[in-house]
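This report refers to the structure that appears directly beneath it.
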Amino acid sequence: MQKKLFVISGCSGVGKGTVINEFMKKNSDNFILSVSCTTRNPRAGETDGVNYFFITKEEFEANIAQGAFLEYAKYADNYYGTKKDFISEKFEQGYNIILEIETQGALQVKNKMPEAVLIFIAPPNIRELENRLRGRHTEDEATIQKRLAQVKIELERSGQYDYTVINDSVERAVEEIEKIVKNNI
């Protein structure tokens with residue numbers, strides 16, 4: 001049976017990590033979470049090969065030149081990308097794959113793998129998303145405004161996704177993703 005790649009994106013603060021973690025707790029028998037490469041330094045508690053594959057800028061650029069990435073992007077002077085070999089290897093091992101990436105990369109994936117299923121996790125509304133971002137108390141006002149400007153771009157791109165899931169309840173969002181998965185496998 002052909003395995004599938006499910007790409008999940010969402011606005012900053014929408015809770016996509018929480019939704020994906022809950023989905024994986026219930027579906028880890030035949031799903032694996034993709035591990036991306038990055039040139040940024042590991043943060044406290046991050047493990048190479050688990051959170052990311054941490055590689056040098058030179059290694060990353062050599063992989064770009066070789067066409068090794070399914071998708072990649074550069075943010076704040078660091079590269080992030082998904083290697084084609086990782087995806088192929090996990091398919092061969094019998095897994096469906098969840099790939100959590102931003103919208104720009106997701107649309108690159110859809111261009112190269114039209115069979116990939118794109119799921120966008122959206123907030124119930126912009127006001128609630130802004131409240132979530134402010135409620136974290138982790139960023140200054142300028143950063144919050146930057147994130148909110150990015151939200152508008154991401155919401156525009158979400159129109160190119162196969163599905164949109166509103167995260168008004170983690171449990172309900174997970175159930176909706178499970179239904180999407182069931183209808184596409």
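Going through the structure tokens in order, the chains are called A, B, and so on, while each chain numbers its residues from 1 and the ligands are numbered from 1 in the order shown.
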Those in stretch 17-103 of chain A with alpha helix (DSSP H) from DSSP, as an NGL selection string: :A and (17-27 or 57-65 or 84-92 or 103)
Secondary structure check, strand (DSSP E or B) residues of stretch 7-128 of chain A, as a ChimeraX atom specification: /A:7-10,31-33,37-38,48,52-54,69-75,78-83,96-100,117-122
With C-alpha atoms retained, export the selected residues as a PDB file, in the first residue's frame.
ATOM      1  CA  VAL A   7       2.168  18.360   5.461  1.00  0.00           C
ATOM      2  CA  ILE A   8       0.855  20.376   8.392  1.00  0.00           C
ATOM      3  CA  SER A   9       1.332  24.133   8.687  1.00  0.00           C
ATOM      4  CA  GLY A  10      -0.238  26.869  10.720  1.00  0.00           C
ATOM      5  CA  PHE A  31       3.031   7.520  11.305  1.00  0.00           C
ATOM      6  CA  ILE A  32       6.382   9.159  11.836  1.00  0.00           C
ATOM      7  CA  LEU A  33       7.173  12.822  12.302  1.00  0.00           C
ATOM      8  CA  CYS A  37      17.783  19.772   8.654  1.00  0.00           C
ATOM      9  CA  THR A  38      18.862  23.158   9.953  1.00  0.00           C
ATOM     10  CA  ASP A  48      20.494  15.892  16.764  1.00  0.00           C
ATOM     11  CA  TYR A  52      16.550  18.418  13.753  1.00  0.00           C
ATOM     12  CA  PHE A  53      19.574  17.231  11.856  1.00  0.00           C
ATOM     13  CA  PHE A  54      22.022  20.019  12.747  1.00  0.00           C
ATOM     14  CA  PHE A  69      16.026  18.736  -0.549  1.00  0.00           C
ATOM     15  CA  LEU A  70      12.322  18.215  -1.096  1.00  0.00           C
ATOM     16  CA  GLU A  71      11.896  21.744   0.262  1.00  0.00           C
ATOM     17  CA  TYR A  72      14.027  24.331   1.993  1.00  0.00           C
ATOM     18  CA  ALA A  73      13.949  27.945   3.086  1.00  0.00           C
ATOM     19  CA  LYS A  74      16.198  30.460   4.788  1.00  0.00           C
ATOM     20  CA  TYR A  75      15.048  32.340   7.897  1.00  0.00           C
ATOM     21  CA  ASN A  78      19.633  29.931   8.976  1.00  0.00           C
ATOM     22  CA  TYR A  79      18.532  27.272   6.517  1.00  0.00           C
ATOM     23  CA  TYR A  80      15.762  24.756   7.203  1.00  0.00           C
ATOM     24  CA  GLY A  81      14.873  21.895   4.884  1.00  0.00           C
ATOM     25  CA  THR A  82      13.560  18.380   4.387  1.00  0.00           C
ATOM     26  CA  LYS A  83      15.795  15.866   2.636  1.00  0.00           C
ATOM     27  CA  ASN A  96       3.081   7.556   6.590  1.00  0.00           C
ATOM     28  CA  ILE A  97       4.821  10.840   7.338  1.00  0.00           C
ATOM     29  CA  ILE A  98       3.760  14.038   9.089  1.00  0.00           C
ATOM     30  CA  LEU A  99       5.860  17.007   8.013  1.00  0.00           C
ATOM     31  CA  GLU A 100       5.433  20.177  10.073  1.00  0.00           C
ATOM     32  CA  VAL A 117      -1.845  16.170   1.478  1.00  0.00           C
ATOM     33  CA  LEU A 118      -1.582  19.730   2.816  1.00  0.00           C
ATOM     34  CA  ILE A 119      -3.411  20.561   6.059  1.00  0.00           C
ATOM     35  CA  PHE A 120      -3.478  24.101   7.423  1.00  0.00           C
ATOM     36  CA  ILE A 121      -4.252  24.602  11.113  1.00  0.00           C
ATOM     37  CA  ALA A 122      -6.021  27.932  11.554  1.00  0.00           C
TER      38      ALA A 122
END
7 Å contact set for A:Gly94, only C-alpha atoms, chain neighbours under 3 positions out, as a PyMOL selection string: chain A and resi 3+90-91
Selected residue, from A:Leu129, A:Leu155, A:Ala76, A:Val165, that lies nearest to A:Ile180 when counting only C-alpha atoms: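 Closest candidate: A:Val165.
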Nearest to A:Glu22, chosen from A:Glu59, A:Glu171, A:Glu139, A:Glu89, with only C-alpha atoms counted in the distances: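 Under the stated criterion, the closest residue is A:Glu171.
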Distance criterion (only C-alpha atoms): nearest to A:Arg40 out of A:Gln2, A:Val19, A:Thr164, A:Asp77: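 Between A:Gln2, A:Val19, A:Thr164, A:Asp77, the residue approaching A:Arg40 most closely is A:Asp77.
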Shortest interatomic distance to A:Asn167 - which of A:Ile64, A:Lys26, A:Glu128, A:Arg147, counting only C-alpha atoms: A:Glu128
Best match for closeness to A:Asp162 among A:Pro42, A:Gly67, A:Gly17, A:Pro114, counting only C-alpha atoms: A:Pro114
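The space between atom CA of A:Ile126 and atom CA of A:Ala149 spans 11.0 Å.
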A:Arg132 surroundings by only C-alpha atoms, 10 Å radius, close-in-sequence under 5 positions cut, as a ChimeraX atom specification: /A:12-15,123,126-127,137
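Our summary of the geometry notes that atom CA of A:Ala44 is positioned 26.2 Å from atom CA of A:Thr103.
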Atomic distance atom CA of A:Thr47 - atom CA of A:Ser34, expressed in Å with one decimal: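 According to the coordinates, atom CA of A:Thr47 and atom CA of A:Ser34 are separated by 14.1 Å.
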